Each structure stands twice: as C-alpha cells, then as structure tokens.
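J.: Structure file input-v5.cif (mmCIF, C-alpha atoms and all ligand atoms) is given on the next line.
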data_data
loop_
_atom_site.label_atom_id
_atom_site.label_comp_id
_atom_site.auth_asym_id
_atom_site.auth_seq_id
_atom_site.Cartn_x
_atom_site.Cartn_y
_atom_site.Cartn_z
CA MET T 11 -4.25 11.39 -28.25
CA LYS T 12 -1.84 11.80 -25.35
CA GLN T 13 1.75 10.87 -26.18
CA VAL T 14 3.63 9.16 -23.38
CA ALA T 15 7.37 9.14 -23.00
CA PRO T 16 8.69 5.81 -21.70
CA ALA T 17 8.31 6.04 -17.94
CA GLN T 18 11.72 5.75 -16.31
CA SER T 19 11.33 4.00 -13.01
CA ARG T 20 13.29 4.68 -9.90
CA TYR T 21 12.73 1.00 -9.13
CA GLN T 22 14.56 -0.34 -12.18
CA ARG T 23 17.01 -1.56 -9.57
CA PHE T 24 16.56 -2.45 -5.89
CA ASP T 25 19.60 -1.29 -3.97
CA SER T 26 18.66 -3.23 -0.85
CA ILE T 27 16.03 -5.53 0.63
CA ASP T 28 14.41 -2.47 2.19
CA ALA T 29 14.25 -0.75 -1.20
CA PHE T 30 12.44 -3.78 -2.60
CA HIS T 31 9.91 -3.75 0.24
CA LEU T 32 9.51 0.00 -0.06
CA ALA T 33 8.66 -0.40 -3.76
CA LEU T 34 5.71 -2.57 -2.67
CA THR T 35 4.32 0.14 -0.40
CA ASP T 36 4.41 2.77 -3.09
CA LEU T 37 2.59 1.23 -6.06
CA PRO T 38 1.40 3.68 -8.72
CA GLY T 39 -2.10 3.38 -10.19
CA SER T 40 -3.28 3.52 -13.77
CA ASP T 41 -4.37 6.66 -15.66
CA HIS T 42 -8.08 7.18 -14.95
CA ALA T 43 -8.48 9.86 -17.61
CA ALA T 44 -7.24 7.43 -20.28
CA VAL T 45 -9.59 4.70 -18.99
CA ASP T 46 -12.51 7.14 -19.15
CA ALA T 47 -11.57 8.22 -22.68
CA ALA T 48 -11.29 4.58 -23.80
CA ALA T 49 -14.64 3.78 -22.15
CA ARG T 50 -16.30 6.70 -23.98
CA ARG T 51 -14.84 5.41 -27.24
CA GLN T 52 -16.14 1.89 -26.54
CA MET T 53 -19.65 3.32 -26.07
CA GLN T 54 -19.50 4.92 -29.52
CA LEU T 55 -18.30 1.86 -31.46
CA THR T 56 -20.77 0.15 -33.78
CA LYS T 57 -21.89 -2.65 -31.48
CA PRO T 58 -24.26 -2.98 -28.56
CA PRO T 59 -22.42 -1.63 -25.48
CA GLY T 60 -20.58 -4.40 -23.65
CA SER T 61 -21.07 -6.93 -26.44
CA LEU T 62 -17.37 -7.63 -26.80
CA GLY T 63 -17.29 -8.70 -23.16
CA ARG T 64 -13.85 -9.07 -21.67
CA LEU T 65 -12.24 -7.76 -24.87
CA GLU T 66 -13.63 -4.38 -23.87
CA GLU T 67 -12.24 -4.75 -20.33
CA ILE T 68 -8.81 -5.57 -21.75
CA ALA T 69 -8.84 -2.46 -23.93
CA LEU T 70 -9.71 -0.29 -20.93
CA PHE T 71 -7.11 -1.98 -18.73
CA LEU T 72 -4.36 -1.35 -21.28
CA ALA T 73 -5.57 2.20 -21.91
CA GLY T 74 -5.11 2.90 -18.21
CA TRP T 75 -1.62 1.43 -17.87
CA GLN T 76 -0.40 2.83 -21.19
CA ALA T 77 -2.10 6.19 -20.45
CA ARG T 78 -3.63 6.48 -23.92
CA GLU T 79 -7.14 6.17 -25.28
CA ARG T 80 -6.01 3.79 -28.00
CA PRO T 81 -3.46 1.37 -26.53
CA GLY T 82 -1.27 -0.96 -28.58
CA ILE T 83 0.99 -3.96 -28.11
CA ASP T 84 3.38 -3.36 -30.99
CA GLY T 85 6.12 -2.84 -28.39
CA ALA T 86 5.45 -5.96 -26.34
CA GLN T 87 8.30 -8.06 -24.93
CA ALA T 88 8.43 -11.64 -23.66
CA VAL T 89 11.01 -12.70 -21.10
CA ILE T 90 11.74 -16.19 -19.79
CA PHE T 91 13.87 -16.47 -16.65
CA ALA T 92 15.62 -19.79 -16.04
CA GLY T 93 17.06 -21.23 -12.84
CA ASN T 94 18.03 -24.53 -11.25
CA HIS T 95 16.80 -25.91 -7.95
CA GLY T 96 18.57 -27.83 -5.18
CA VAL T 97 15.25 -29.36 -4.17
CA ALA T 98 15.38 -31.36 -7.42
CA THR T 99 17.61 -33.81 -5.53
CA GLN T 100 14.50 -34.84 -3.55
CA GLY T 101 13.06 -36.52 -6.66
CA VAL T 102 10.21 -34.02 -7.13
CA SER T 103 10.31 -33.74 -10.95
CA ALA T 104 9.73 -36.28 -13.69
CA PHE T 105 12.76 -34.80 -15.51
CA PRO T 106 16.42 -34.29 -14.51
CA PRO T 107 17.84 -30.81 -13.78
CA ALA T 108 20.06 -30.97 -16.89
CA VAL T 109 16.90 -30.29 -18.90
CA THR T 110 16.84 -26.65 -17.72
CA ALA T 111 20.06 -25.77 -19.58
CA GLN T 112 19.09 -28.01 -22.50
CA MET T 113 15.83 -26.13 -22.87
CA VAL T 114 17.64 -22.78 -22.66
CA ALA T 115 19.72 -24.00 -25.63
CA ASN T 116 16.50 -25.02 -27.34
CA PHE T 117 15.06 -21.51 -26.76
CA ALA T 118 18.19 -20.03 -28.33
CA ALA T 119 17.87 -22.38 -31.31
CA GLY T 120 14.19 -21.47 -31.73
CA GLY T 121 12.83 -24.98 -31.15
CA ALA T 122 10.63 -24.64 -28.06
CA ALA T 123 6.87 -24.08 -27.80
CA ILE T 124 7.47 -20.50 -26.65
CA ASN T 125 9.52 -19.77 -29.78
CA ALA T 126 6.68 -20.98 -31.99
CA LEU T 127 4.00 -19.14 -30.00
CA THR T 128 5.77 -15.78 -29.68
CA GLY T 129 6.85 -16.14 -33.33
CA ALA T 130 3.22 -16.58 -34.37
CA ILE T 131 2.28 -13.19 -32.89
CA GLY T 132 5.55 -11.39 -33.61
CA ILE T 133 6.59 -10.69 -30.03
CA PRO T 134 10.35 -10.70 -29.40
CA LEU T 135 11.55 -13.25 -26.86
CA ARG T 136 14.42 -12.83 -24.47
CA VAL T 137 15.81 -15.62 -22.30
CA VAL T 138 17.64 -14.81 -19.07
CA PRO T 139 19.48 -17.82 -17.59
CA LEU T 140 20.40 -17.26 -13.94
CA HIS T 141 23.48 -19.25 -12.85
CA LEU T 142 22.25 -22.58 -14.15
CA ASP T 143 25.54 -24.17 -13.11
CA ARG T 144 24.84 -23.19 -9.51
CA PRO T 145 21.48 -24.59 -8.34
CA THR T 146 19.85 -23.01 -5.30
CA ALA T 147 20.25 -24.85 -1.99
CA ASP T 148 17.75 -27.60 -1.19
CA PHE T 149 15.20 -25.59 0.77
CA THR T 150 14.17 -28.53 2.93
CA ALA T 151 17.58 -28.09 4.61
CA ALA T 152 18.58 -24.42 4.18
CA PRO T 153 17.35 -21.18 2.60
CA ALA T 154 17.36 -21.59 -1.18
CA MET T 155 19.43 -18.42 -1.60
CA GLU T 156 21.71 -16.12 0.32
CA GLU T 157 20.41 -12.56 0.67
CA GLU T 158 22.77 -11.20 -2.00
CA GLU T 159 21.81 -13.96 -4.42
CA CYS T 160 18.11 -13.29 -3.99
CA LEU T 161 18.58 -9.54 -4.36
CA ALA T 162 20.65 -10.15 -7.52
CA ALA T 163 17.86 -12.33 -8.93
CA LEU T 164 15.22 -9.67 -8.15
CA ASN T 165 17.43 -7.16 -9.94
CA ALA T 166 17.96 -9.44 -12.94
CA GLY T 167 14.18 -9.41 -13.26
CA ALA T 168 13.89 -5.65 -12.82
CA ALA T 169 16.66 -5.04 -15.38
CA ALA T 170 14.86 -7.09 -18.02
CA VAL T 171 11.90 -4.68 -18.08
CA GLU T 172 12.23 -2.28 -20.99
CA PRO T 173 10.66 0.99 -19.80
CA GLY T 174 9.09 1.74 -23.20
CA SER T 175 7.51 -1.69 -23.45
CA ASP T 176 3.72 -1.72 -23.79
CA LEU T 177 3.17 -5.27 -22.50
CA LEU T 178 5.49 -7.63 -20.65
CA LEU T 179 4.93 -11.38 -21.02
CA LEU T 180 6.59 -13.34 -18.23
CA GLY T 181 7.64 -16.98 -18.24
CA GLU T 182 9.98 -19.41 -16.52
CA MET T 183 12.06 -22.53 -17.04
CA GLY T 184 13.52 -24.51 -14.16
CA ILE T 185 13.25 -28.20 -13.46
CA ALA T 186 11.61 -28.73 -10.03
CA ASN T 187 10.25 -25.21 -9.88
CA SER T 188 6.66 -26.42 -9.52
CA THR T 189 7.81 -27.61 -6.06
CA ALA T 190 9.22 -24.17 -5.25
CA ALA T 191 5.98 -22.66 -6.58
CA ALA T 192 3.92 -24.86 -4.25
CA ALA T 193 6.17 -23.94 -1.31
CA LEU T 194 5.75 -20.22 -2.10
CA CYS T 195 1.96 -20.64 -2.20
CA LEU T 196 1.79 -22.66 1.01
CA ARG T 197 3.97 -20.20 2.89
CA SER T 198 2.08 -17.22 1.46
CA PHE T 199 -1.52 -18.36 1.66
CA GLY T 200 -1.48 -21.34 4.03
CA GLY T 201 -3.88 -24.26 3.63
CA ALA T 202 -2.68 -27.82 3.17
CA ALA T 203 0.32 -28.96 1.15
CA THR T 204 -2.09 -31.01 -0.97
CA ASP T 205 -3.86 -27.79 -2.05
CA TRP T 206 -0.73 -26.64 -3.84
CA VAL T 207 1.11 -29.66 -5.24
CA GLY T 208 0.45 -31.30 -8.60
CA PRO T 209 2.11 -33.41 -11.27
CA GLY T 210 4.25 -30.62 -12.78
CA THR T 211 6.09 -32.27 -15.69
CA GLY T 212 4.20 -35.52 -15.07
CA LEU T 213 4.70 -37.02 -11.61
CA SER T 214 2.65 -40.06 -10.63
CA ALA T 215 0.22 -39.87 -7.71
CA SER T 216 2.93 -41.19 -5.37
CA GLY T 217 5.33 -38.57 -6.74
CA VAL T 218 2.79 -35.85 -5.96
CA SER T 219 2.46 -37.17 -2.37
CA LEU T 220 6.24 -37.10 -2.00
CA LYS T 221 6.24 -33.51 -3.29
CA GLY T 222 3.64 -32.61 -0.64
CA ALA T 223 5.83 -34.14 2.08
CA VAL T 224 8.83 -32.22 0.74
CA ILE T 225 7.08 -28.85 0.98
CA GLU T 226 5.76 -29.70 4.45
CA ARG T 227 9.37 -30.33 5.54
CA ALA T 228 10.34 -27.01 4.00
CA MET T 229 7.60 -25.21 5.96
CA ALA T 230 8.84 -26.79 9.20
CA ARG T 231 12.45 -25.86 8.40
CA HIS T 232 11.55 -22.18 7.82
CA ALA T 233 8.67 -21.86 10.29
CA GLU T 234 10.49 -19.48 12.63
CA ALA T 235 11.76 -17.16 9.90
CA SER T 236 10.18 -13.83 9.13
CA ALA T 237 7.49 -13.99 6.45
CA THR T 238 8.33 -10.88 4.44
CA PRO T 239 8.06 -11.13 0.64
CA PHE T 240 11.85 -11.11 0.34
CA GLU T 241 12.39 -13.82 2.96
CA THR T 242 9.75 -16.08 1.44
CA LEU T 243 11.26 -15.74 -2.04
CA ARG T 244 14.76 -16.25 -0.65
CA ARG T 245 13.96 -19.25 1.52
CA VAL T 246 11.61 -21.36 -0.62
CA GLY T 247 11.72 -19.70 -4.03
CA GLY T 248 14.38 -19.77 -6.67
CA ARG T 249 16.33 -17.37 -8.86
CA GLU T 250 13.92 -17.35 -11.82
CA LEU T 251 10.98 -16.93 -9.44
CA ALA T 252 12.59 -13.99 -7.65
CA ALA T 253 13.36 -12.52 -11.08
CA ILE T 254 9.68 -12.74 -12.04
CA ALA T 255 8.80 -10.98 -8.77
CA GLY T 256 11.41 -8.27 -9.42
CA ALA T 257 10.23 -7.80 -13.00
CA THR T 258 6.60 -7.50 -11.89
CA VAL T 259 7.42 -4.80 -9.34
CA ALA T 260 9.74 -2.89 -11.71
CA ALA T 261 7.13 -3.10 -14.48
CA ARG T 262 4.55 -1.59 -12.14
CA HIS T 263 6.75 1.40 -11.41
CA ALA T 264 7.41 1.84 -15.14
CA ARG T 265 3.63 1.41 -15.74
CA VAL T 266 4.20 -1.55 -18.03
CA PRO T 267 1.27 -3.98 -17.91
CA VAL T 268 2.21 -7.61 -17.24
CA LEU T 269 0.81 -10.81 -18.71
CA LEU T 270 1.42 -13.62 -16.21
CA ASP T 271 1.73 -17.19 -17.44
CA GLY T 272 0.77 -20.32 -15.49
CA TYR T 273 0.91 -21.64 -11.95
CA ILE T 274 4.65 -21.23 -11.51
CA CYS T 275 4.77 -17.67 -12.83
CA CYS T 276 1.79 -16.63 -10.68
CA ALA T 277 3.28 -18.33 -7.61
CA ALA T 278 6.31 -16.05 -7.91
CA ILE T 279 4.16 -13.06 -7.00
CA ALA T 280 2.21 -14.79 -4.20
CA PRO T 281 4.57 -13.52 -1.46
CA LEU T 282 4.22 -9.98 -2.84
CA ALA T 283 0.43 -10.17 -2.93
CA VAL T 284 0.22 -11.11 0.75
CA ALA T 285 2.00 -7.89 1.70
CA ALA T 286 0.57 -5.73 -1.08
CA PRO T 287 -2.60 -7.19 -2.66
CA ALA T 288 -2.66 -4.30 -5.20
CA ILE T 289 0.47 -5.72 -6.85
CA VAL T 290 -1.84 -7.61 -9.23
CA ASP T 291 -3.53 -4.44 -10.50
CA HIS T 292 -1.27 -4.12 -13.55
CA CYS T 293 -1.33 -7.88 -14.19
CA ILE T 294 -3.49 -10.05 -16.42
CA ALA T 295 -3.60 -13.79 -15.71
CA ALA T 296 -3.18 -15.29 -19.18
CA HIS T 297 -4.75 -18.62 -18.40
CA CYS T 298 -5.66 -21.16 -15.77
CA SER T 299 -3.20 -23.99 -16.10
CA ALA T 300 -4.02 -27.66 -15.57
CA GLU T 301 -1.69 -27.69 -12.55
CA PRO T 302 -4.32 -28.13 -9.81
CA GLY T 303 -3.14 -25.36 -7.48
CA HIS T 304 -3.44 -22.67 -10.13
CA ARG T 305 -7.20 -22.12 -9.77
CA LEU T 306 -6.89 -21.62 -6.01
CA LEU T 307 -3.88 -19.36 -6.48
CA LEU T 308 -5.72 -17.17 -8.99
CA ASP T 309 -8.61 -16.97 -6.56
CA ARG T 310 -6.28 -15.91 -3.73
CA LEU T 311 -4.63 -13.34 -6.01
CA GLY T 312 -8.03 -12.04 -7.14
CA LEU T 313 -7.25 -12.64 -10.81
CA ARG T 314 -9.66 -14.04 -13.37
CA PRO T 315 -7.81 -15.96 -16.09
CA LEU T 316 -8.37 -15.05 -19.72
CA LEU T 317 -8.11 -18.57 -21.09
CA GLU T 318 -8.55 -22.13 -19.96
CA LEU T 319 -6.91 -24.49 -22.44
CA ASP T 320 -5.64 -27.28 -20.15
CA MET T 321 -2.12 -26.12 -20.85
CA ARG T 322 0.55 -27.06 -18.28
CA LEU T 323 3.81 -26.16 -19.89
CA GLY T 324 5.20 -22.91 -18.50
CA GLU T 325 7.87 -21.02 -20.51
CA GLY T 326 5.38 -18.17 -20.92
CA SER T 327 3.41 -20.31 -23.40
CA GLY T 328 -0.02 -19.40 -22.00
CA ALA T 329 0.95 -15.72 -21.98
CA ALA T 330 1.89 -15.91 -25.66
CA VAL T 331 -1.48 -17.46 -26.56
CA ALA T 332 -3.33 -14.86 -24.47
CA ALA T 333 -1.40 -12.05 -26.19
CA ALA T 334 -3.16 -13.04 -29.41
CA VAL T 335 -6.51 -12.46 -27.67
CA ILE T 336 -5.26 -9.11 -26.41
CA ARG T 337 -4.28 -8.22 -29.96
CA SER T 338 -7.86 -9.00 -31.04
CA ALA T 339 -9.25 -6.84 -28.23
CA LEU T 340 -7.15 -3.89 -29.37
CA ALA T 341 -7.90 -4.45 -33.06
CA ALA T 342 -11.59 -4.00 -32.26
CA HIS T 343 -11.06 -1.07 -29.88
CA ASN T 344 -8.77 0.85 -32.24
CA GLY T 345 -10.06 -0.21 -35.63
CA MET T 346 -13.86 -0.15 -35.42
CA ALA T 347 -15.96 2.72 -36.73
CA THR T 348 -18.12 4.79 -34.39
CA PHE T 349 -21.89 5.07 -34.88
CA ALA T 350 -21.37 8.61 -36.22
CA GLU T 351 -18.61 7.58 -38.63
CA ALA T 352 -20.58 4.66 -40.03
CA GLY T 353 -23.97 6.36 -40.06
CA VAL T 354 -25.42 3.63 -37.83
CA THR T 355 -28.16 4.62 -35.40
CA SER T 356 -27.03 4.21 -31.78
CA GLY T 357 -29.26 2.70 -29.11
CA ALA T 358 -31.22 4.60 -26.49
C1 LIG T 401 11.21 -30.59 -21.84
C2 LIG T 401 10.56 -29.62 -20.88
C3 LIG T 401 10.22 -28.33 -21.31
C4 LIG T 401 9.62 -27.46 -20.40
N1 LIG T 401 9.21 -26.20 -20.55
C5 LIG T 401 8.67 -25.80 -19.41
N2 LIG T 401 8.72 -26.76 -18.50
C6 LIG T 401 8.11 -26.64 -17.19
O1 LIG T 401 8.40 -27.75 -16.35
C7 LIG T 401 9.15 -27.39 -15.20
C8 LIG T 401 8.35 -27.53 -13.94
O2 LIG T 401 7.95 -28.82 -13.69
P1 LIG T 401 8.64 -29.72 -12.58
O3 LIG T 401 8.53 -29.00 -11.29
O4 LIG T 401 7.87 -31.01 -12.62
O5 LIG T 401 10.08 -29.94 -13.01
C9 LIG T 401 9.56 -25.95 -15.44
O6 LIG T 401 10.81 -25.92 -16.07
C10 LIG T 401 8.46 -25.44 -16.33
O7 LIG T 401 8.75 -24.28 -17.01
C11 LIG T 401 9.32 -27.84 -19.09
C12 LIG T 401 9.66 -29.12 -18.65
C13 LIG T 401 10.29 -30.01 -19.54
C14 LIG T 401 10.66 -31.38 -19.07
O1 LIG T 402 1.25 -23.90 -14.98
C1 LIG T 402 2.47 -23.91 -15.05
O2 LIG T 402 3.15 -22.85 -14.96
C2 LIG T 402 3.22 -25.20 -15.24
C3 LIG T 402 2.63 -26.40 -14.99
C4 LIG T 402 3.36 -27.56 -15.14
C5 LIG T 402 4.67 -27.51 -15.55
N1 LIG T 402 5.22 -26.34 -15.81
C6 LIG T 402 4.52 -25.18 -15.66
#
Using structure tokens, write down the structure from this file.

T.:
Amino acid sequence: MKQVAPAQSRYQRFDSIDAFHLALTDLPGSDHAAVDAAARRQMQLTKPPGSLGRLEEIALFLAGWQARERPGIDGAQAVIFAGNHGVATQGVSAFPPAVTAQMVANFAAGGAAINALTGAIGIPLRVVPLHLDRPTADFTAAPAMEEEECLAALNAGAAAVEPGSDLLLLGEMGIANSTAAAALCLRSFGGAATDWVGPGTGLSASGVSLKGAVIERAMARHAEASATPFETLRRVGGRELAAIAGATVAARHARVPVLLDGYICCAAIAPLAVAAPAIVDHCIAAHCSAEPGHRLLLDRLGLRPLLELDMRLGEGSGAAVAAAVIRSALAAHNGMATFAEAGVTSGA
C-alpha cells in the first residue's frame, strides 16, 4: 500500500484576491492509480460486484483523494465556522442574532446537536467564531464585507484545514445566514428569488416572502458589480460562508476530501462552482436538507446527496450523520475477505 505524506498546500493561505482566483484555475485531480487499485479490490470482495451500491463509490472516491487503495477516516476533522449578519436587521430570521454567540458557547460546552453527532462517531470538532461582535454590513445597502475582511475570512477557512486530515466535515452557525445563502445562490445561478428562499429557522410564509424581497433588493444593489467568486462572497455572503469557501479550496489543494453539510454550507461554494465547476470533485454532499432551495442547488452543483432525512439544522449535523455511512463504506471495503481468501467461488 502506498504511504502518503500529508500534502502541504501552497494554497494554505491566499495572499491576495488574485491568489484565491488563481487557486480555482489550478485544481488538482484525484489519484487514478489508487482508484483503479480500489476498484480491483472491490471486484474481488465476497459479494456480487456493485451490490454495495454507493458504498462502493464512496470507497473509490476516498481512495482517489487519499491516494491509497484502502482509505480511512480515522484522521477526520469537523469544523464549524460562525459569523453574524447585518441583514438580520431586516427581520429575516425567526431567531435574534445573539443566538449565534450563544450557540458557539453551547458548542464549547458540548450541548449542541453537532457535539452529540460528532461525539457518536468520534470525530473531533473545532469551532471557529469570526468576529461575532462585528456583524457584516446589511447587504441590501452595502457590500457585506470590505475586501480585507473577506480575504481574512477565506484565510480563516484555509487555515482550519489540517493537511494530514483524511476527511473534512464543514458546518456553519450564523443567524440569518440562510438569507445570505439564498443571495449567493441567486447571484450565482440566477432564477427567481422564490427558488432559493425558505423558512430557515422557522419563518412563516409571509416571512419567507419578505426574505425573497430582501434578496431581490440585494441583487439590485449589487447588479453592476463584477460577478467573480470573491466579489459575490464579499458582497452578499458572510464571514463563515467565505471561510467555508476558503476551506474547500485549501482542502482541494491539500487533497483532503470534503463532506459538505446542508443548504447553507453548499451555498458557500456556489460562487466558486460558477467559475470552476470542478471545485465539487473532492466534495460529497452529505444530505439534502429540508430547506427548499437545497435540491435545486445540489442539482446546479452536480452533486447527488448521500442522505435525505428532512434535517434542516446546519452546524455540520448532516455531515456528521453522513460520516457514519462513510465509515460503513470503508469498513466493508477494508475489512471484507476476497473470494480467494474466503474460498468462495467468484462469478463469471
Ligand atoms: C438554536 C439554533 C441552533 C442552530 N444551529 C444551526 N442553526 C441554523 O440556523 C441558522 C440559519 O437560519 P436563519 O437564516 O433562519 O437564521 C444558522 O445559524 C444555521 O446554522 C441554528 C439556529 C438556531 C436558532
Ligand atoms: O440546510 C441547512 O443548512 C439549514 C437549513 C435551515 C437552517 N439552518 C441550516
């Protein structure tokens, strides 16, 4: 078996906006030899070929990104980025912005869903709060972030990627960020505001209509601006969303596979995917959330979700549940006997 040293990435930090965009034009691929070796192994395991369905695909996917025939997730990491949003003042969330910091305290105390779910599968959790005392600007009136702030958020994401990690679970916390997510999707993929807005933490139907009007105003405010990935994240995103984007790009260059959580997490990479559709190649969509725009977003990203459990929480919760499925996929791939080992007759 090939031993891989942790891949040090020259994109562990983006020195400039141009460096970030350059990183998107220069995306490495996975290791085909390792995928082929894993595929040959799958064919020899004591089961009809293909009978473990997507579990087999997962094993091959991880073999490619980890560059080894028998991949593992004993070195997985989960990271939640947290940020606050000026657009919350528009009344677009069922909860007040103070909840973001309160939940960060809850993560630290071990009391949130993500603590229970990562605890259940033994994946360490790190929480990265990004200036919670300084919400972004209300993007219906101004860009959410200054250029330096957005670059710093991208870099906070990139810095959280441990190069030796064998799977990165991404999650977010930020009251009103389902509005920023919808704005990112609308600006990235177009369509109608109503395609992308939903209840988030539990808005009523009239609250969802208001949210749609808010993101339409944001589109009008930023209509003349350039539509690069950086500008979209800066204008209608938020710090935790830019951090997820930065982490996803840095992970790619370190060849760390990424497990994306729900609608909000996936929306953070929408602006990247418009410029560089191959950005999703090292990503698995953990689940399809109940937030209505998620199915359309996954379709636009070209990702097929692993699970569909009507979850609509965020925090990386869907990623943590999906990691348990990935663990099962690898248990079968690495632990089963071959036909020769077990003395079982293989098929024609
Ligand atoms: C107690 C609580 C825990 C959460 N954990 C994640 N979210 C989720 O809800 C927020 C997005 O929804 P909206 O845009 O409607 O504010 C994000 O913080 C997301 O992670 C939570 C929300 C609440 C209230
Ligand atoms: O799917 C998500 O990411 C989501 C949905 C609702 C609220 N928070 C997160």

J.: Kindly provide, as an NGL selection string, all nucleotide and amino acid residues lying within 6 Å of ligand LIG 402 (chain T), counting only C-alpha atoms and all ligand atoms.

T.: :T and (210-211 or 272-275 or 299 or 301 or 322-324)

J.: Which polymer residues have any atom within 9 Å of an atom of Glu156 (chain T), counting all atoms listed in the file, with same-chain residues fewer than 5 positions away left out, as a list in words?

T.: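 In the requested format, the answer is Leu161, Arg244 and Arg245 of chain T.
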
J.: Using C-alpha atoms, can you export the residues from the last selection as a PDB file, in the coordinates of the input?

T.:
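Output saved as again-v7.pdb:
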ATOM      1  CA  LEU T 161      18.580  -9.540  -4.360  1.00  0.00           C
ATOM      2  CA  ARG T 244      14.760 -16.250  -0.650  1.00  0.00           C
ATOM      3  CA  ARG T 245      13.960 -19.250   1.520  1.00  0.00           C
TER       4      ARG T 245
END

J.: For chain T against ligand LIG 401 (chain T), with a cut-off of 6 Å and counting all atoms listed in the file, what is the closest atom pair and its distance in Å to one decimal for every residue that makes the cut, ordered by chain and number, as a tab-separated table?

T.:
residue	atom	partner	partner_atom	distance
T:Ser103	CA	T:LIG401	O4	4.0
T:Ala104	CA	T:LIG401	O4	5.7
T:Phe105	CA	T:LIG401	C14	5.4
T:Glu182	CA	T:LIG401	O7	5.0
T:Met183	CA	T:LIG401	O6	3.7
T:Gly184	CA	T:LIG401	O6	3.6
T:Ile185	CA	T:LIG401	O5	3.6
T:Ala186	CA	T:LIG401	O3	3.3
T:Asn187	CA	T:LIG401	O3	4.4
T:Ser188	CA	T:LIG401	O3	3.6
T:Thr189	CA	T:LIG401	O3	5.5
T:Gly210	CA	T:LIG401	O4	3.6
T:Thr211	CA	T:LIG401	O4	3.8
T:Leu323	CA	T:LIG401	C5	4.9
T:Gly324	CA	T:LIG401	O7	4.1
T:Glu325	CA	T:LIG401	O7	4.9

J.: Got time to write the residues from that selection, C-alpha atoms, as a tab-separated table (two decimals), keeping the file's coordinate frame?

T.:
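Resulting contents of selection30.tsv:
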chain	number	residue	atom	x	y	z
T	103	SER	CA	10.31	-33.74	-10.95
T	104	ALA	CA	9.73	-36.28	-13.69
T	105	PHE	CA	12.76	-34.80	-15.51
T	182	GLU	CA	9.98	-19.41	-16.52
T	183	MET	CA	12.06	-22.53	-17.04
T	184	GLY	CA	13.52	-24.51	-14.16
T	185	ILE	CA	13.25	-28.20	-13.46
T	186	ALA	CA	11.61	-28.73	-10.03
T	187	ASN	CA	10.25	-25.21	-9.88
T	188	SER	CA	6.66	-26.42	-9.52
T	189	THR	CA	7.81	-27.61	-6.06
T	210	GLY	CA	4.25	-30.62	-12.78
T	211	THR	CA	6.09	-32.27	-15.69
T	323	LEU	CA	3.81	-26.16	-19.89
T	324	GLY	CA	5.20	-22.91	-18.50
T	325	GLU	CA	7.87	-21.02	-20.51

J.: Of the candidates T:Ala228, T:Ile254, T:Ile90, T:Met321, which shows the shortest atom-to-atom distance to Leu196 (chain T), using only C-alpha atoms?

T.: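 Smallest separation from Leu196 (chain T) among the options: T:Ala228.
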
J.: Counting only C-alpha atoms, figure out which residue out of T:Ser236, T:Ser327, T:Gln112, T:Gln100 gets nearest to Phe149 (chain T).

T.: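 Checking each of T:Ser236, T:Ser327, T:Gln112, T:Gln100 against Phe149 (chain T), counting only C-alpha atoms, the winner is T:Gln100.
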